Amino acid sequence: VAVSSRPEHEIKTALARYSPVCIDCDEINNRNDVRLFVEHKLEQLQKLRPSNVPKARTKQAVESIMAKAKGMFLFVKNIFENDDLDVISLEAIESLPTGLDEYYETTFLRRFAIDESTGRSPSFDKLLPFLQVFVAAQRELSASEIARVIHREDHQVISSLKPLGGLLNLPLEALTPSTRLRMNHKSVSDWLVSPSRAEKYQRLHCYHVDKTTGHERLAEHLCYDVLQLMDRKEQKEREHHVSDFDFLKADLKAIIHCEYAVQHCGLHAIKSKRWRIVLAYLMSFKVYTFWVRLHPEK
């Protein structure tokens, strides 16, 4: 059994010949599941927070949230887990955004205020280099790895992530330099990189994240960093007769960093049209040697 929650073209094409069963957001069983979750969460919150919703009107509150959610479980999950309802009232529920796009719009407007004189968000601009690398990366990177790429200290990256709050996959207090980072759902990254959204809503253009710039940052950094590391390896071998990458194996971070670079630097360079880097990697015997020594079984 294969299950996917994303109706992307590649997934639909690959599964088409198996006559897959599609459960739409508006499908009755799906809506019933979402309704049960909303009822349960409302009951919990009414015990923990101030509530102005009498029991007789709880059903109205549930239906209002259902109308906002449009059958999307992720929407109601975000609403209840990210403290969007500080006070439980029909007015507060009616003021909630409708659908995921509006939810992300109101969330970013609230957390990253726009300076009307410039049309930019200073706090978001501080986070932008991180997000560019984040959305372009081919696997989850740690705060330390991203800090290295954008030439910042680990603590600076961790501090800049705080406004993202519940949009990350883990509590902020659990963040460490070695923590692998991801959003709580791919739709957050999709919203940030969407060119159609940036064009449609000019006011929100300051929240657009250019994925190509992230590919360029990664390509430039990985090429320079890894080729330099391999030069150090050759120098060590000449000076101390050290072989088999012993000096690298003593530094696990260097191995992980090089392994990512060897696997993905070419893709990042192609995506950002950095043909000089593509050529350098294709013509570098060091890259092939490094990969074979790290993975002799392959």
# chains A, B, ... in the order shown; residues from 1 in each chain; ligands from 1
>>> residues_around(residues="Arg203 in chain A", least_positions_apart="6", cutoff="12 Å", atoms="only C-alpha atoms", output="PyMOL selection string")
chain A and resi 105+108-109+113-116+118-121+197
>>> residues_around(residues="Arg180 in chain A", least_positions_apart="5", cutoff="7 Å", atoms="only C-alpha atoms", output="JSON, numbers by chain")
{"A": [140, 141, 142, 143]}
>>> closest_residue(among="A:Ser95, A:Ala137, A:Glu81, A:Ala14", to="Thr212 in chain A", atoms="only C-alpha atoms")
A:Ala137
>>> closest_residue(among="A:Cys258, A:Ile23, A:Ala219, A:Ile146", to="Lys273 in chain A", atoms="only C-alpha atoms")
A:Ala219
>>> residues_around(residues="range 168-171 of chain A", least_positions_apart="2", cutoff="6 Å", atoms="only C-alpha atoms", output="PyMOL selection string")
chain A and resi 166+173-174+182-184
>>> atom_distance(atom1="CA of Leu172 in chain A", atom2="CA of His268 in chain A")
28.8 Å
>>> residues_around(residues="Glu63 in chain A", least_positions_apart="2", cutoff="12 Å", atoms="only C-alpha atoms", output="tab-separated table (two decimals) with C-alpha atoms, in the first residue's frame")
chain	number	residue	atom	x	y	z
A	31	ARG	CA	-14.75	15.78	6.65
A	32	ASN	CA	-16.13	13.60	9.45
A	34	VAL	CA	-11.68	16.50	10.60
A	35	ARG	CA	-14.89	17.34	12.49
A	36	LEU	CA	-14.07	14.79	15.22
A	38	VAL	CA	-12.04	19.86	15.83
A	39	GLU	CA	-14.62	18.82	18.44
A	42	LEU	CA	-12.23	22.60	21.15
A	57	ARG	CA	-23.26	27.10	20.47
A	58	THR	CA	-20.33	24.69	20.34
A	59	LYS	CA	-21.77	23.08	17.20
A	60	GLN	CA	-21.81	26.51	15.51
A	61	ALA	CA	-18.16	27.02	16.46
A	65	ILE	CA	-13.91	26.11	11.78
A	66	MET	CA	-14.91	23.40	9.31
A	67	ALA	CA	-15.88	26.07	6.76
A	68	LYS	CA	-12.49	27.76	7.26
A	69	ALA	CA	-10.58	24.47	6.95
A	70	LYS	CA	-12.15	23.38	3.64
A	71	GLY	CA	-11.58	19.77	4.64
A	90	LEU	CA	-17.24	32.86	17.98
A	93	ILE	CA	-13.17	31.82	15.15
A	94	GLU	CA	-14.85	33.99	12.51
>>> closest_residue(among="A:His208, A:Gln138, A:Val76, A:Trp275", to="Gly99 in chain A", atoms="only C-alpha atoms")
A:Val76
>>> atom_distance(atom1="CA of Glu216 in chain A", atom2="CA of Ser272 in chain A")
5.1 Å
>>> atom_distance(atom1="CA of Cys22 in chain A", atom2="CA of Ser4 in chain A")
9.7 Å
>>> closest_residue(among="A:Phe134, A:Phe285, A:Phe80, A:Phe124", to="Glu43 in chain A", atoms="only C-alpha atoms")
A:Phe80
